[in-house]
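Asks: Sharing my_file29.pdb, PDB, C-alpha atoms:
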ATOM      1  CA  MET A   1       0.000   0.000   0.000  1.00  0.00           C
ATOM      2  CA  PRO A   2       1.538   3.360  -1.018  1.00  0.00           C
ATOM      3  CA  LYS A   3       2.496   5.790   1.734  1.00  0.00           C
ATOM      4  CA  HIS A   4       0.751   9.142   1.695  1.00  0.00           C
ATOM      5  CA  GLY A   5       1.977  12.451   3.045  1.00  0.00           C
ATOM      6  CA  LYS A   6       0.678  14.295   6.098  1.00  0.00           C
ATOM      7  CA  LYS A   7      -1.562  16.590   4.030  1.00  0.00           C
ATOM      8  CA  TYR A   8      -3.251  13.649   2.335  1.00  0.00           C
ATOM      9  CA  MET A   9      -3.795  11.810   5.625  1.00  0.00           C
ATOM     10  CA  ASN A  10      -5.241  14.943   7.274  1.00  0.00           C
ATOM     11  CA  ALA A  11      -7.697  15.237   4.397  1.00  0.00           C
ATOM     12  CA  LEU A  12      -8.533  11.534   4.580  1.00  0.00           C
ATOM     13  CA  SER A  13      -9.472  11.927   8.259  1.00  0.00           C
ATOM     14  CA  LEU A  14     -12.438  14.106   7.178  1.00  0.00           C
ATOM     15  CA  ILE A  15     -14.052  11.193   5.343  1.00  0.00           C
ATOM     16  CA  GLU A  16     -16.361   8.946   7.339  1.00  0.00           C
ATOM     17  CA  ARG A  17     -15.214   5.391   6.682  1.00  0.00           C
ATOM     18  CA  GLY A  18     -17.638   3.375   4.560  1.00  0.00           C
ATOM     19  CA  LYS A  19     -20.080   6.246   4.046  1.00  0.00           C
ATOM     20  CA  LEU A  20     -21.690   6.970   0.679  1.00  0.00           C
ATOM     21  CA  TYR A  21     -22.270  10.722   0.448  1.00  0.00           C
ATOM     22  CA  PRO A  22     -25.020  12.536  -1.446  1.00  0.00           C
ATOM     23  CA  LEU A  23     -23.401  14.196  -4.472  1.00  0.00           C
ATOM     24  CA  ASP A  24     -23.641  17.744  -3.090  1.00  0.00           C
ATOM     25  CA  GLU A  25     -22.112  16.686   0.251  1.00  0.00           C
ATOM     26  CA  ALA A  26     -19.322  14.802  -1.536  1.00  0.00           C
ATOM     27  CA  ILE A  27     -18.409  17.910  -3.527  1.00  0.00           C
ATOM     28  CA  SER A  28     -18.509  20.048  -0.378  1.00  0.00           C
ATOM     29  CA  LEU A  29     -16.156  17.576   1.292  1.00  0.00           C
ATOM     30  CA  VAL A  30     -13.747  17.683  -1.664  1.00  0.00           C
ATOM     31  CA  LYS A  31     -13.533  21.472  -1.252  1.00  0.00           C
ATOM     32  CA  LYS A  32     -13.012  21.160   2.517  1.00  0.00           C
ATOM     33  CA  MET A  33     -10.169  18.696   1.974  1.00  0.00           C
ATOM     34  CA  ALA A  34      -8.574  21.092  -0.511  1.00  0.00           C
ATOM     35  CA  ASP A  35      -8.705  23.773   2.196  1.00  0.00           C
ATOM     36  CA  VAL A  36      -6.872  21.383   4.506  1.00  0.00           C
ATOM     37  CA  THR A  37      -4.189  20.299   2.045  1.00  0.00           C
ATOM     38  CA  LYS A  38      -3.635  23.804   0.605  1.00  0.00           C
ATOM     39  CA  ARG A  39      -1.858  22.655  -2.551  1.00  0.00           C
ATOM     40  CA  ASN A  40       0.078  25.344  -4.403  1.00  0.00           C
ATOM     41  CA  PHE A  41      -2.151  25.129  -7.491  1.00  0.00           C
ATOM     42  CA  ASP A  42      -5.852  25.164  -8.304  1.00  0.00           C
ATOM     43  CA  GLN A  43      -6.599  21.445  -8.305  1.00  0.00           C
ATOM     44  CA  THR A  44      -8.906  19.901 -10.877  1.00  0.00           C
ATOM     45  CA  VAL A  45     -12.001  18.199  -9.478  1.00  0.00           C
ATOM     46  CA  GLU A  46     -12.614  14.868 -11.158  1.00  0.00           C
ATOM     47  CA  MET A  47     -15.429  12.352 -11.233  1.00  0.00           C
ATOM     48  CA  ALA A  48     -14.792   8.617 -11.580  1.00  0.00           C
ATOM     49  CA  VAL A  49     -17.747   6.468 -12.615  1.00  0.00           C
ATOM     50  CA  ARG A  50     -17.342   2.682 -12.553  1.00  0.00           C
ATOM     51  CA  LEU A  51     -19.659   1.048 -15.061  1.00  0.00           C
ATOM     52  CA  ASN A  52     -20.903  -2.504 -15.463  1.00  0.00           C
ATOM     53  CA  VAL A  53     -19.385  -2.869 -18.945  1.00  0.00           C
ATOM     54  CA  ASP A  54     -16.452  -4.632 -20.588  1.00  0.00           C
ATOM     55  CA  PRO A  55     -15.099  -2.210 -23.217  1.00  0.00           C
ATOM     56  CA  LYS A  56     -13.226  -4.939 -25.108  1.00  0.00           C
ATOM     57  CA  TYR A  57     -16.632  -5.724 -26.613  1.00  0.00           C
ATOM     58  CA  GLN A  58     -17.804  -3.135 -29.145  1.00  0.00           C
ATOM     59  CA  ASP A  59     -21.416  -3.205 -27.927  1.00  0.00           C
ATOM     60  CA  GLN A  60     -20.221  -2.311 -24.409  1.00  0.00           C
ATOM     61  CA  MET A  61     -18.037   0.673 -25.348  1.00  0.00           C
ATOM     62  CA  VAL A  62     -19.023   3.934 -23.663  1.00  0.00           C
ATOM     63  CA  ARG A  63     -17.919   7.136 -25.331  1.00  0.00           C
ATOM     64  CA  GLY A  64     -19.328  10.621 -25.701  1.00  0.00           C
ATOM     65  CA  SER A  65     -18.975  14.285 -24.909  1.00  0.00           C
ATOM     66  CA  VAL A  66     -20.748  16.987 -22.947  1.00  0.00           C
ATOM     67  CA  VAL A  67     -20.491  20.771 -22.718  1.00  0.00           C
ATOM     68  CA  LEU A  68     -20.285  21.520 -18.995  1.00  0.00           C
ATOM     69  CA  PRO A  69     -22.576  24.424 -18.010  1.00  0.00           C
ATOM     70  CA  HIS A  70     -19.772  26.181 -16.111  1.00  0.00           C
ATOM     71  CA  GLY A  71     -16.762  25.093 -18.145  1.00  0.00           C
ATOM     72  CA  LEU A  72     -13.502  23.689 -16.799  1.00  0.00           C
ATOM     73  CA  GLY A  73     -11.865  26.808 -15.426  1.00  0.00           C
ATOM     74  CA  LYS A  74      -8.948  26.787 -17.817  1.00  0.00           C
ATOM     75  CA  GLU A  75      -8.186  28.090 -21.285  1.00  0.00           C
ATOM     76  CA  ARG A  76      -8.060  25.245 -23.814  1.00  0.00           C
ATOM     77  CA  LYS A  77      -5.887  25.465 -26.911  1.00  0.00           C
ATOM     78  CA  VAL A  78      -7.803  24.325 -29.984  1.00  0.00           C
ATOM     79  CA  ALA A  79      -6.192  23.273 -33.267  1.00  0.00           C
ATOM     80  CA  VAL A  80      -8.149  22.796 -36.493  1.00  0.00           C
ATOM     81  CA  ILE A  81      -7.132  20.856 -39.590  1.00  0.00           C
ATOM     82  CA  ALA A  82      -9.188  21.907 -42.587  1.00  0.00           C
ATOM     83  CA  GLN A  83      -8.947  23.449 -46.018  1.00  0.00           C
ATOM     84  CA  GLY A  84     -10.534  26.204 -48.075  1.00  0.00           C
ATOM     85  CA  GLU A  85     -13.133  28.464 -46.462  1.00  0.00           C
ATOM     86  CA  LYS A  86     -13.202  26.263 -43.343  1.00  0.00           C
ATOM     87  CA  LEU A  87      -9.780  27.644 -42.379  1.00  0.00           C
ATOM     88  CA  GLN A  88     -11.188  31.147 -42.094  1.00  0.00           C
ATOM     89  CA  GLU A  89     -14.271  29.840 -40.271  1.00  0.00           C
ATOM     90  CA  ALA A  90     -11.986  28.219 -37.683  1.00  0.00           C
ATOM     91  CA  GLN A  91     -10.003  31.427 -37.215  1.00  0.00           C
ATOM     92  CA  GLU A  92     -13.142  33.537 -36.800  1.00  0.00           C
ATOM     93  CA  ALA A  93     -14.509  31.054 -34.235  1.00  0.00           C
ATOM     94  CA  GLY A  94     -11.395  31.502 -32.089  1.00  0.00           C
ATOM     95  CA  ALA A  95      -9.223  28.478 -32.914  1.00  0.00           C
ATOM     96  CA  ASP A  96      -5.653  28.883 -31.654  1.00  0.00           C
ATOM     97  CA  TYR A  97      -4.005  27.019 -34.519  1.00  0.00           C
ATOM     98  CA  VAL A  98      -5.373  26.500 -38.025  1.00  0.00           C
ATOM     99  CA  GLY A  99      -3.879  24.663 -40.986  1.00  0.00           C
ATOM    100  CA  GLY A 100      -4.013  21.808 -43.446  1.00  0.00           C
ATOM    101  CA  ASP A 101      -1.096  19.729 -44.687  1.00  0.00           C
ATOM    102  CA  ASP A 102       1.316  22.094 -42.930  1.00  0.00           C
ATOM    103  CA  LEU A 103      -0.301  21.450 -39.533  1.00  0.00           C
ATOM    104  CA  ILE A 104      -0.358  17.689 -40.131  1.00  0.00           C
ATOM    105  CA  GLN A 105       3.360  17.771 -40.925  1.00  0.00           C
ATOM    106  CA  LYS A 106       4.057  19.823 -37.819  1.00  0.00           C
ATOM    107  CA  ILE A 107       2.271  17.240 -35.636  1.00  0.00           C
ATOM    108  CA  GLN A 108       4.200  14.430 -37.353  1.00  0.00           C
ATOM    109  CA  GLN A 109       7.369  16.203 -36.288  1.00  0.00           C
ATOM    110  CA  GLY A 110       6.263  16.094 -32.640  1.00  0.00           C
ATOM    111  CA  TRP A 111       4.394  19.352 -32.078  1.00  0.00           C
ATOM    112  CA  LEU A 112       1.473  18.820 -29.681  1.00  0.00           C
ATOM    113  CA  ASP A 113       0.877  22.219 -28.088  1.00  0.00           C
ATOM    114  CA  PHE A 114      -2.934  21.942 -28.064  1.00  0.00           C
ATOM    115  CA  ASP A 115      -5.671  20.398 -25.930  1.00  0.00           C
ATOM    116  CA  VAL A 116      -8.269  19.654 -28.617  1.00  0.00           C
ATOM    117  CA  LEU A 117      -7.847  18.785 -32.298  1.00  0.00           C
ATOM    118  CA  ILE A 118     -10.766  19.263 -34.685  1.00  0.00           C
ATOM    119  CA  ALA A 119     -10.765  18.159 -38.329  1.00  0.00           C
ATOM    120  CA  THR A 120     -13.143  18.333 -41.273  1.00  0.00           C
ATOM    121  CA  PRO A 121     -14.238  14.949 -42.700  1.00  0.00           C
ATOM    122  CA  ASP A 122     -12.463  15.590 -46.017  1.00  0.00           C
ATOM    123  CA  MET A 123      -9.120  15.825 -44.154  1.00  0.00           C
ATOM    124  CA  MET A 124      -9.486  12.639 -42.107  1.00  0.00           C
ATOM    125  CA  GLY A 125      -7.757  10.501 -44.742  1.00  0.00           C
ATOM    126  CA  LYS A 126      -4.581  12.437 -43.979  1.00  0.00           C
ATOM    127  CA  VAL A 127      -5.241  12.961 -40.267  1.00  0.00           C
ATOM    128  CA  GLY A 128      -5.621   9.187 -39.896  1.00  0.00           C
ATOM    129  CA  ARG A 129      -1.863   8.860 -40.395  1.00  0.00           C
ATOM    130  CA  LEU A 130      -1.409  10.660 -37.084  1.00  0.00           C
ATOM    131  CA  GLY A 131      -3.201   7.921 -35.145  1.00  0.00           C
ATOM    132  CA  ARG A 132      -0.070   6.564 -33.462  1.00  0.00           C
ATOM    133  CA  ILE A 133       0.801  10.040 -32.201  1.00  0.00           C
ATOM    134  CA  LEU A 134      -2.668  11.318 -31.280  1.00  0.00           C
ATOM    135  CA  GLY A 135      -4.438   8.111 -30.207  1.00  0.00           C
ATOM    136  CA  PRO A 136      -2.460   7.335 -27.025  1.00  0.00           C
ATOM    137  CA  ARG A 137      -2.904  10.963 -25.924  1.00  0.00           C
ATOM    138  CA  GLY A 138      -6.660  11.021 -26.511  1.00  0.00           C
ATOM    139  CA  LEU A 139      -6.296  13.748 -29.135  1.00  0.00           C
ATOM    140  CA  MET A 140      -7.498  11.903 -32.246  1.00  0.00           C
ATOM    141  CA  PRO A 141     -10.541  13.606 -33.832  1.00  0.00           C
ATOM    142  CA  ASN A 142     -13.656  11.431 -33.690  1.00  0.00           C
ATOM    143  CA  PRO A 143     -17.176  11.935 -35.093  1.00  0.00           C
ATOM    144  CA  LYS A 144     -18.701  10.568 -31.862  1.00  0.00           C
ATOM    145  CA  THR A 145     -17.211  13.437 -29.862  1.00  0.00           C
ATOM    146  CA  GLY A 146     -18.022  16.071 -32.461  1.00  0.00           C
ATOM    147  CA  THR A 147     -14.390  16.721 -33.393  1.00  0.00           C
ATOM    148  CA  VAL A 148     -14.802  15.478 -36.973  1.00  0.00           C
ATOM    149  CA  THR A 149     -17.284  17.884 -38.523  1.00  0.00           C
ATOM    150  CA  PHE A 150     -17.888  20.488 -41.189  1.00  0.00           C
ATOM    151  CA  ASP A 151     -19.545  22.688 -38.538  1.00  0.00           C
ATOM    152  CA  ILE A 152     -16.167  24.023 -37.465  1.00  0.00           C
ATOM    153  CA  ALA A 153     -17.476  27.167 -35.744  1.00  0.00           C
ATOM    154  CA  LYS A 154     -19.726  25.167 -33.400  1.00  0.00           C
ATOM    155  CA  ALA A 155     -17.010  22.625 -32.613  1.00  0.00           C
ATOM    156  CA  VAL A 156     -14.429  25.306 -31.789  1.00  0.00           C
ATOM    157  CA  LYS A 157     -16.821  27.281 -29.584  1.00  0.00           C
ATOM    158  CA  GLU A 158     -17.870  24.132 -27.670  1.00  0.00           C
ATOM    159  CA  ALA A 159     -14.251  23.111 -27.124  1.00  0.00           C
ATOM    160  CA  LYS A 160     -13.433  26.584 -25.847  1.00  0.00           C
ATOM    161  CA  SER A 161     -16.467  26.747 -23.558  1.00  0.00           C
ATOM    162  CA  GLY A 162     -15.746  23.571 -21.602  1.00  0.00           C
ATOM    163  CA  LYS A 163     -16.641  20.550 -23.681  1.00  0.00           C
ATOM    164  CA  VAL A 164     -15.478  17.292 -22.093  1.00  0.00           C
ATOM    165  CA  ASP A 165     -14.898  14.114 -24.080  1.00  0.00           C
ATOM    166  CA  PHE A 166     -15.140  10.887 -22.111  1.00  0.00           C
ATOM    167  CA  LYS A 167     -14.311   7.271 -22.858  1.00  0.00           C
ATOM    168  CA  VAL A 168     -14.509   4.196 -20.651  1.00  0.00           C
ATOM    169  CA  GLU A 169     -11.128   2.711 -19.721  1.00  0.00           C
ATOM    170  CA  LYS A 170     -10.202  -0.983 -19.811  1.00  0.00           C
ATOM    171  CA  ALA A 171     -11.221  -1.397 -16.176  1.00  0.00           C
ATOM    172  CA  GLY A 172     -14.731  -0.100 -16.947  1.00  0.00           C
ATOM    173  CA  ILE A 173     -14.200   3.346 -15.401  1.00  0.00           C
ATOM    174  CA  VAL A 174     -14.894   6.771 -16.893  1.00  0.00           C
ATOM    175  CA  HIS A 175     -12.636   9.512 -15.490  1.00  0.00           C
ATOM    176  CA  ALA A 176     -13.464  13.113 -16.385  1.00  0.00           C
ATOM    177  CA  PRO A 177     -12.919  16.615 -14.968  1.00  0.00           C
ATOM    178  CA  ILE A 178     -15.834  18.695 -13.677  1.00  0.00           C
ATOM    179  CA  GLY A 179     -14.036  21.939 -12.812  1.00  0.00           C
ATOM    180  CA  LYS A 180     -11.565  23.395 -10.308  1.00  0.00           C
ATOM    181  CA  VAL A 181     -11.617  23.425  -6.496  1.00  0.00           C
ATOM    182  CA  SER A 182     -11.900  27.215  -6.724  1.00  0.00           C
ATOM    183  CA  PHE A 183     -15.380  26.809  -8.282  1.00  0.00           C
ATOM    184  CA  ASP A 184     -18.273  27.270  -5.899  1.00  0.00           C
ATOM    185  CA  GLU A 185     -20.106  24.111  -4.864  1.00  0.00           C
ATOM    186  CA  GLN A 186     -23.211  24.762  -6.961  1.00  0.00           C
ATOM    187  CA  LYS A 187     -21.204  25.098 -10.175  1.00  0.00           C
ATOM    188  CA  LEU A 188     -19.311  21.880  -9.474  1.00  0.00           C
ATOM    189  CA  LEU A 189     -22.582  20.130  -8.675  1.00  0.00           C
ATOM    190  CA  GLU A 190     -24.229  21.271 -11.901  1.00  0.00           C
ATOM    191  CA  ASN A 191     -21.172  20.232 -13.920  1.00  0.00           C
ATOM    192  CA  ALA A 192     -21.147  16.828 -12.216  1.00  0.00           C
ATOM    193  CA  VAL A 193     -24.835  16.275 -12.955  1.00  0.00           C
ATOM    194  CA  ALA A 194     -24.321  17.252 -16.605  1.00  0.00           C
ATOM    195  CA  LEU A 195     -21.433  14.781 -16.966  1.00  0.00           C
ATOM    196  CA  LEU A 196     -23.303  11.937 -15.267  1.00  0.00           C
ATOM    197  CA  LYS A 197     -26.371  12.623 -17.402  1.00  0.00           C
ATOM    198  CA  ALA A 198     -24.226  12.293 -20.547  1.00  0.00           C
ATOM    199  CA  ILE A 199     -22.690   9.036 -19.312  1.00  0.00           C
ATOM    200  CA  LEU A 200     -26.153   7.615 -18.607  1.00  0.00           C
ATOM    201  CA  ALA A 201     -27.325   8.689 -22.078  1.00  0.00           C
ATOM    202  CA  ALA A 202     -24.332   6.875 -23.597  1.00  0.00           C
ATOM    203  CA  LYS A 203     -25.349   3.513 -22.099  1.00  0.00           C
ATOM    204  CA  PRO A 204     -24.440   0.900 -24.734  1.00  0.00           C
ATOM    205  CA  SER A 205     -26.778  -1.798 -26.014  1.00  0.00           C
ATOM    206  CA  GLY A 206     -24.593  -4.540 -24.548  1.00  0.00           C
ATOM    207  CA  ALA A 207     -24.754  -3.234 -20.962  1.00  0.00           C
ATOM    208  CA  LYS A 208     -26.735  -5.597 -18.730  1.00  0.00           C
ATOM    209  CA  GLY A 209     -27.904  -5.269 -15.138  1.00  0.00           C
ATOM    210  CA  GLN A 210     -27.036  -2.239 -13.023  1.00  0.00           C
ATOM    211  CA  TYR A 211     -25.183   0.132 -15.359  1.00  0.00           C
ATOM    212  CA  VAL A 212     -23.496   2.376 -12.755  1.00  0.00           C
ATOM    213  CA  LYS A 213     -21.598   0.434 -10.068  1.00  0.00           C
ATOM    214  CA  SER A 214     -19.940   3.272  -8.156  1.00  0.00           C
ATOM    215  CA  ILE A 215     -19.134   6.982  -8.294  1.00  0.00           C
ATOM    216  CA  ALA A 216     -16.388   8.975  -6.601  1.00  0.00           C
ATOM    217  CA  VAL A 217     -15.265  12.608  -6.723  1.00  0.00           C
ATOM    218  CA  SER A 218     -11.836  13.943  -5.819  1.00  0.00           C
ATOM    219  CA  ALA A 219      -9.366  16.747  -6.305  1.00  0.00           C
ATOM    220  CA  THR A 220      -6.175  15.949  -8.235  1.00  0.00           C
ATOM    221  CA  MET A 221      -3.939  15.082  -5.272  1.00  0.00           C
ATOM    222  CA  ASP A 222      -6.494  14.464  -2.526  1.00  0.00           C
ATOM    223  CA  PRO A 223      -8.527  11.388  -1.435  1.00  0.00           C
ATOM    224  CA  GLY A 224     -11.631  10.337  -3.317  1.00  0.00           C
ATOM    225  CA  VAL A 225     -15.095  10.628  -1.779  1.00  0.00           C
ATOM    226  CA  LYS A 226     -17.573   7.840  -2.523  1.00  0.00           C
ATOM    227  CA  VAL A 227     -20.958   9.017  -3.767  1.00  0.00           C
ATOM    228  CA  ASP A 228     -24.429   7.551  -3.202  1.00  0.00           C
ATOM    229  CA  ILE A 229     -25.179   6.514  -6.794  1.00  0.00           C
ATOM    230  CA  PHE A 230     -28.937   6.584  -6.320  1.00  0.00           C
ATOM    231  CA  ASP A 231     -28.832  10.162  -5.079  1.00  0.00           C
ATOM    232  CA  ALA A 232     -26.615  11.147  -8.016  1.00  0.00           C
ATOM    233  CA  ILE A 233     -28.815   9.446 -10.607  1.00  0.00           C
ATOM    234  CA  ASN A 234     -31.959  10.992  -9.100  1.00  0.00           C
ATOM    235  CA  ARG A 235     -30.354  14.413  -9.528  1.00  0.00           C
ATOM    236  CA  THR A 236     -29.830  13.774 -13.246  1.00  0.00           C
ATOM    237  CA  GLN A 237     -33.482  12.832 -13.603  1.00  0.00           C
ATOM    238  CA  SER A 238     -34.744  15.890 -11.717  1.00  0.00           C
ATOM    239  CA  ALA A 239     -32.476  18.083 -13.873  1.00  0.00           C
ATOM    240  CA  GLU A 240     -34.290  17.027 -17.062  1.00  0.00           C
TER     241      GLU A 240
END
Produce structure tokens that represent the structure in this file.
Replies:
Amino acid sequence: MPKHGKKYMNALSLIERGKLYPLDEAISLVKKMADVTKRNFDQTVEMAVRLNVDPKYQDQMVRGSVVLPHGLGKERKVAVIAQGEKLQEAQEAGADYVGGDDLIQKIQQGWLDFDVLIATPDMMGKVGRLGRILGPRGLMPNPKTGTVTFDIAKAVKEAKSGKVDFKVEKAGIVHAPIGKVSFDEQKLLENAVALLKAILAAKPSGAKGQYVKSIAVSATMDPGVKVDIFDAINRTQSAE
């Protein structure tokens, strides 16, 4: 078992052993722990959702995206690979980097100074060659997350405003950010509900039985707080 520092252990002491917290209380506790640990940066608050799926089967893959109502609290660099009039559309929408073959070549040479890559469908034949570079980093454009599209302006604006792409990992867990510890509790709660709602909507046809097995929220370097899944799911339903 890994050893944790004094700050981590002090934060852990605030959690009641074995308790499942309502989502709002869990988020409040995450902020209290951040006050205790006083890290020297604005930690990201993350949600981990364990699902009853096996992603090695195509009909149990969970993937999607959601625009969080209050964003992520950080500026995201957006790159766009396109051609013709779509290049100007990307620039006018606020993309940080815009290009065609030149941008593809730059990425092939190791340049990755962006958080989101968007491409038009007619460029995907060339972008596909970047799979070995972009895939492992989760940067490969994909139609399912809205990053392969001719509606460049919409895609750029969503990426800039706090769009989160999520994908289930091999262990059946979806990890995704919901904001920063500096956010007030209500904003974090609303972001969390929006993310969970999107994960529920992405339930695959091959998922059987209870879809959501567990939920936890945590700050980057602090302990996770286990959430009452029924409370969390009820919140997504009342938010509709």
Asks: For stretch 50-130 of chain A versus stretch 180-192 of chain A, which residues have an atom no more than 10 Å away, and what is each residue's nearest atom pair and distance in Å rounded to one decimal, using all atoms listed in the file, chain-then-number order, as a tab-separated table?
Replies:
residue	atom	partner	partner_atom	distance
A:Val66	CA	A:Asn191	CA	9.6
A:Val67	CA	A:Asn191	CA	8.8
A:Leu68	CA	A:Asn191	CA	5.3
A:Pro69	CA	A:Asn191	CA	6.0
A:His70	CA	A:Lys187	CA	6.2
A:Gly71	CA	A:Asn191	CA	7.8
A:Leu72	CA	A:Lys180	CA	6.8
A:Gly73	CA	A:Lys180	CA	6.2
A:Lys74	CA	A:Lys180	CA	8.6
Asks: Measuring between only C-alpha atoms, which one of A:Ala207, A:Ile27, A:Ala159, A:Leu14 shows the shortest distance to A:Glu46?
Replies: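 Nearest to A:Glu46: A:Ile27.
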Asks: Skipping near chain neighbours, those fewer than 3 positions away, what residues fall within 12 Å of A:Lys106 using all atoms listed in the file, listed as number ranges by chain?
Replies: A: 79, 81, 97-103, 109-113, 127, 130, 133
Asks: Using only C-alpha atoms, find each residue of stretch 21-67 of chain A with at least one atom at most 6 Å away from an atom of stretch 164-172 of chain A; report its shortest atom-to-atom pair and that distance in Å (one decimal), sort the rows by chain and rising residue number, and return the result as JSON lines.
Replies:
{"residue": "A:Arg50", "atom": "CA", "partner": "A:Gly172", "partner_atom": "CA", "distance": 5.8}
{"residue": "A:Leu51", "atom": "CA", "partner": "A:Gly172", "partner_atom": "CA", "distance": 5.4}
{"residue": "A:Val53", "atom": "CA", "partner": "A:Gly172", "partner_atom": "CA", "distance": 5.8}
{"residue": "A:Val62", "atom": "CA", "partner": "A:Val168", "partner_atom": "CA", "distance": 5.4}
{"residue": "A:Arg63", "atom": "CA", "partner": "A:Lys167", "partner_atom": "CA", "distance": 4.4}
{"residue": "A:Gly64", "atom": "CA", "partner": "A:Phe166", "partner_atom": "CA", "distance": 5.5}
{"residue": "A:Ser65", "atom": "CA", "partner": "A:Asp165", "partner_atom": "CA", "distance": 4.2}
{"residue": "A:Val66", "atom": "CA", "partner": "A:Val164", "partner_atom": "CA", "distance": 5.3}
Asks: Go through A:Lys56, A:Arg132, A:Lys203, A:Lys208 and flag the residue nearest A:Ile107, using all atoms listed in the file for the distances.
Replies: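 So, comparing all the options, the nearest one is A:Arg132.
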Asks: As an exercise, work out the distance from atom CA of A:Pro141 to atom CA of A:Pro55 in Å and give it to one decimal place.
Replies: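 Computed distance, atom CA of A:Pro141 to atom CA of A:Pro55, equals 19.6 Å.
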Asks: Mind pulling up the distance from atom CA of A:Ser161 to atom CA of A:Asp24?
Replies: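 Answer for the atom CA of A:Asp24 to atom CA of A:Ser161 separation: 23.5 Å.
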Asks: Starting from the block above, write stretch 180-238 of chain A out to a file with C-alpha atoms, as a PDB file, in the first residue's frame, please.
Replies:
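Output contents, as saved in decode26.pdb:
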ATOM      1  CA  LYS A 180     -11.565  23.395 -10.308  1.00  0.00           C
ATOM      2  CA  VAL A 181     -11.617  23.425  -6.496  1.00  0.00           C
ATOM      3  CA  SER A 182     -11.900  27.215  -6.724  1.00  0.00           C
ATOM      4  CA  PHE A 183     -15.380  26.809  -8.282  1.00  0.00           C
ATOM      5  CA  ASP A 184     -18.273  27.270  -5.899  1.00  0.00           C
ATOM      6  CA  GLU A 185     -20.106  24.111  -4.864  1.00  0.00           C
ATOM      7  CA  GLN A 186     -23.211  24.762  -6.961  1.00  0.00           C
ATOM      8  CA  LYS A 187     -21.204  25.098 -10.175  1.00  0.00           C
ATOM      9  CA  LEU A 188     -19.311  21.880  -9.474  1.00  0.00           C
ATOM     10  CA  LEU A 189     -22.582  20.130  -8.675  1.00  0.00           C
ATOM     11  CA  GLU A 190     -24.229  21.271 -11.901  1.00  0.00           C
ATOM     12  CA  ASN A 191     -21.172  20.232 -13.920  1.00  0.00           C
ATOM     13  CA  ALA A 192     -21.147  16.828 -12.216  1.00  0.00           C
ATOM     14  CA  VAL A 193     -24.835  16.275 -12.955  1.00  0.00           C
ATOM     15  CA  ALA A 194     -24.321  17.252 -16.605  1.00  0.00           C
ATOM     16  CA  LEU A 195     -21.433  14.781 -16.966  1.00  0.00           C
ATOM     17  CA  LEU A 196     -23.303  11.937 -15.267  1.00  0.00           C
ATOM     18  CA  LYS A 197     -26.371  12.623 -17.402  1.00  0.00           C
ATOM     19  CA  ALA A 198     -24.226  12.293 -20.547  1.00  0.00           C
ATOM     20  CA  ILE A 199     -22.690   9.036 -19.312  1.00  0.00           C
ATOM     21  CA  LEU A 200     -26.153   7.615 -18.607  1.00  0.00           C
ATOM     22  CA  ALA A 201     -27.325   8.689 -22.078  1.00  0.00           C
ATOM     23  CA  ALA A 202     -24.332   6.875 -23.597  1.00  0.00           C
ATOM     24  CA  LYS A 203     -25.349   3.513 -22.099  1.00  0.00           C
ATOM     25  CA  PRO A 204     -24.440   0.900 -24.734  1.00  0.00           C
ATOM     26  CA  SER A 205     -26.778  -1.798 -26.014  1.00  0.00           C
ATOM     27  CA  GLY A 206     -24.593  -4.540 -24.548  1.00  0.00           C
ATOM     28  CA  ALA A 207     -24.754  -3.234 -20.962  1.00  0.00           C
ATOM     29  CA  LYS A 208     -26.735  -5.597 -18.730  1.00  0.00           C
ATOM     30  CA  GLY A 209     -27.904  -5.269 -15.138  1.00  0.00           C
ATOM     31  CA  GLN A 210     -27.036  -2.239 -13.023  1.00  0.00           C
ATOM     32  CA  TYR A 211     -25.183   0.132 -15.359  1.00  0.00           C
ATOM     33  CA  VAL A 212     -23.496   2.376 -12.755  1.00  0.00           C
ATOM     34  CA  LYS A 213     -21.598   0.434 -10.068  1.00  0.00           C
ATOM     35  CA  SER A 214     -19.940   3.272  -8.156  1.00  0.00           C
ATOM     36  CA  ILE A 215     -19.134   6.982  -8.294  1.00  0.00           C
ATOM     37  CA  ALA A 216     -16.388   8.975  -6.601  1.00  0.00           C
ATOM     38  CA  VAL A 217     -15.265  12.608  -6.723  1.00  0.00           C
ATOM     39  CA  SER A 218     -11.836  13.943  -5.819  1.00  0.00           C
ATOM     40  CA  ALA A 219      -9.366  16.747  -6.305  1.00  0.00           C
ATOM     41  CA  THR A 220      -6.175  15.949  -8.235  1.00  0.00           C
ATOM     42  CA  MET A 221      -3.939  15.082  -5.272  1.00  0.00           C
ATOM     43  CA  ASP A 222      -6.494  14.464  -2.526  1.00  0.00           C
ATOM     44  CA  PRO A 223      -8.527  11.388  -1.435  1.00  0.00           C
ATOM     45  CA  GLY A 224     -11.631  10.337  -3.317  1.00  0.00           C
ATOM     46  CA  VAL A 225     -15.095  10.628  -1.779  1.00  0.00           C
ATOM     47  CA  LYS A 226     -17.573   7.840  -2.523  1.00  0.00           C
ATOM     48  CA  VAL A 227     -20.958   9.017  -3.767  1.00  0.00           C
ATOM     49  CA  ASP A 228     -24.429   7.551  -3.202  1.00  0.00           C
ATOM     50  CA  ILE A 229     -25.179   6.514  -6.794  1.00  0.00           C
ATOM     51  CA  PHE A 230     -28.937   6.584  -6.320  1.00  0.00           C
ATOM     52  CA  ASP A 231     -28.832  10.162  -5.079  1.00  0.00           C
ATOM     53  CA  ALA A 232     -26.615  11.147  -8.016  1.00  0.00           C
ATOM     54  CA  ILE A 233     -28.815   9.446 -10.607  1.00  0.00           C
ATOM     55  CA  ASN A 234     -31.959  10.992  -9.100  1.00  0.00           C
ATOM     56  CA  ARG A 235     -30.354  14.413  -9.528  1.00  0.00           C
ATOM     57  CA  THR A 236     -29.830  13.774 -13.246  1.00  0.00           C
ATOM     58  CA  GLN A 237     -33.482  12.832 -13.603  1.00  0.00           C
ATOM     59  CA  SER A 238     -34.744  15.890 -11.717  1.00  0.00           C
TER      60      SER A 238
END
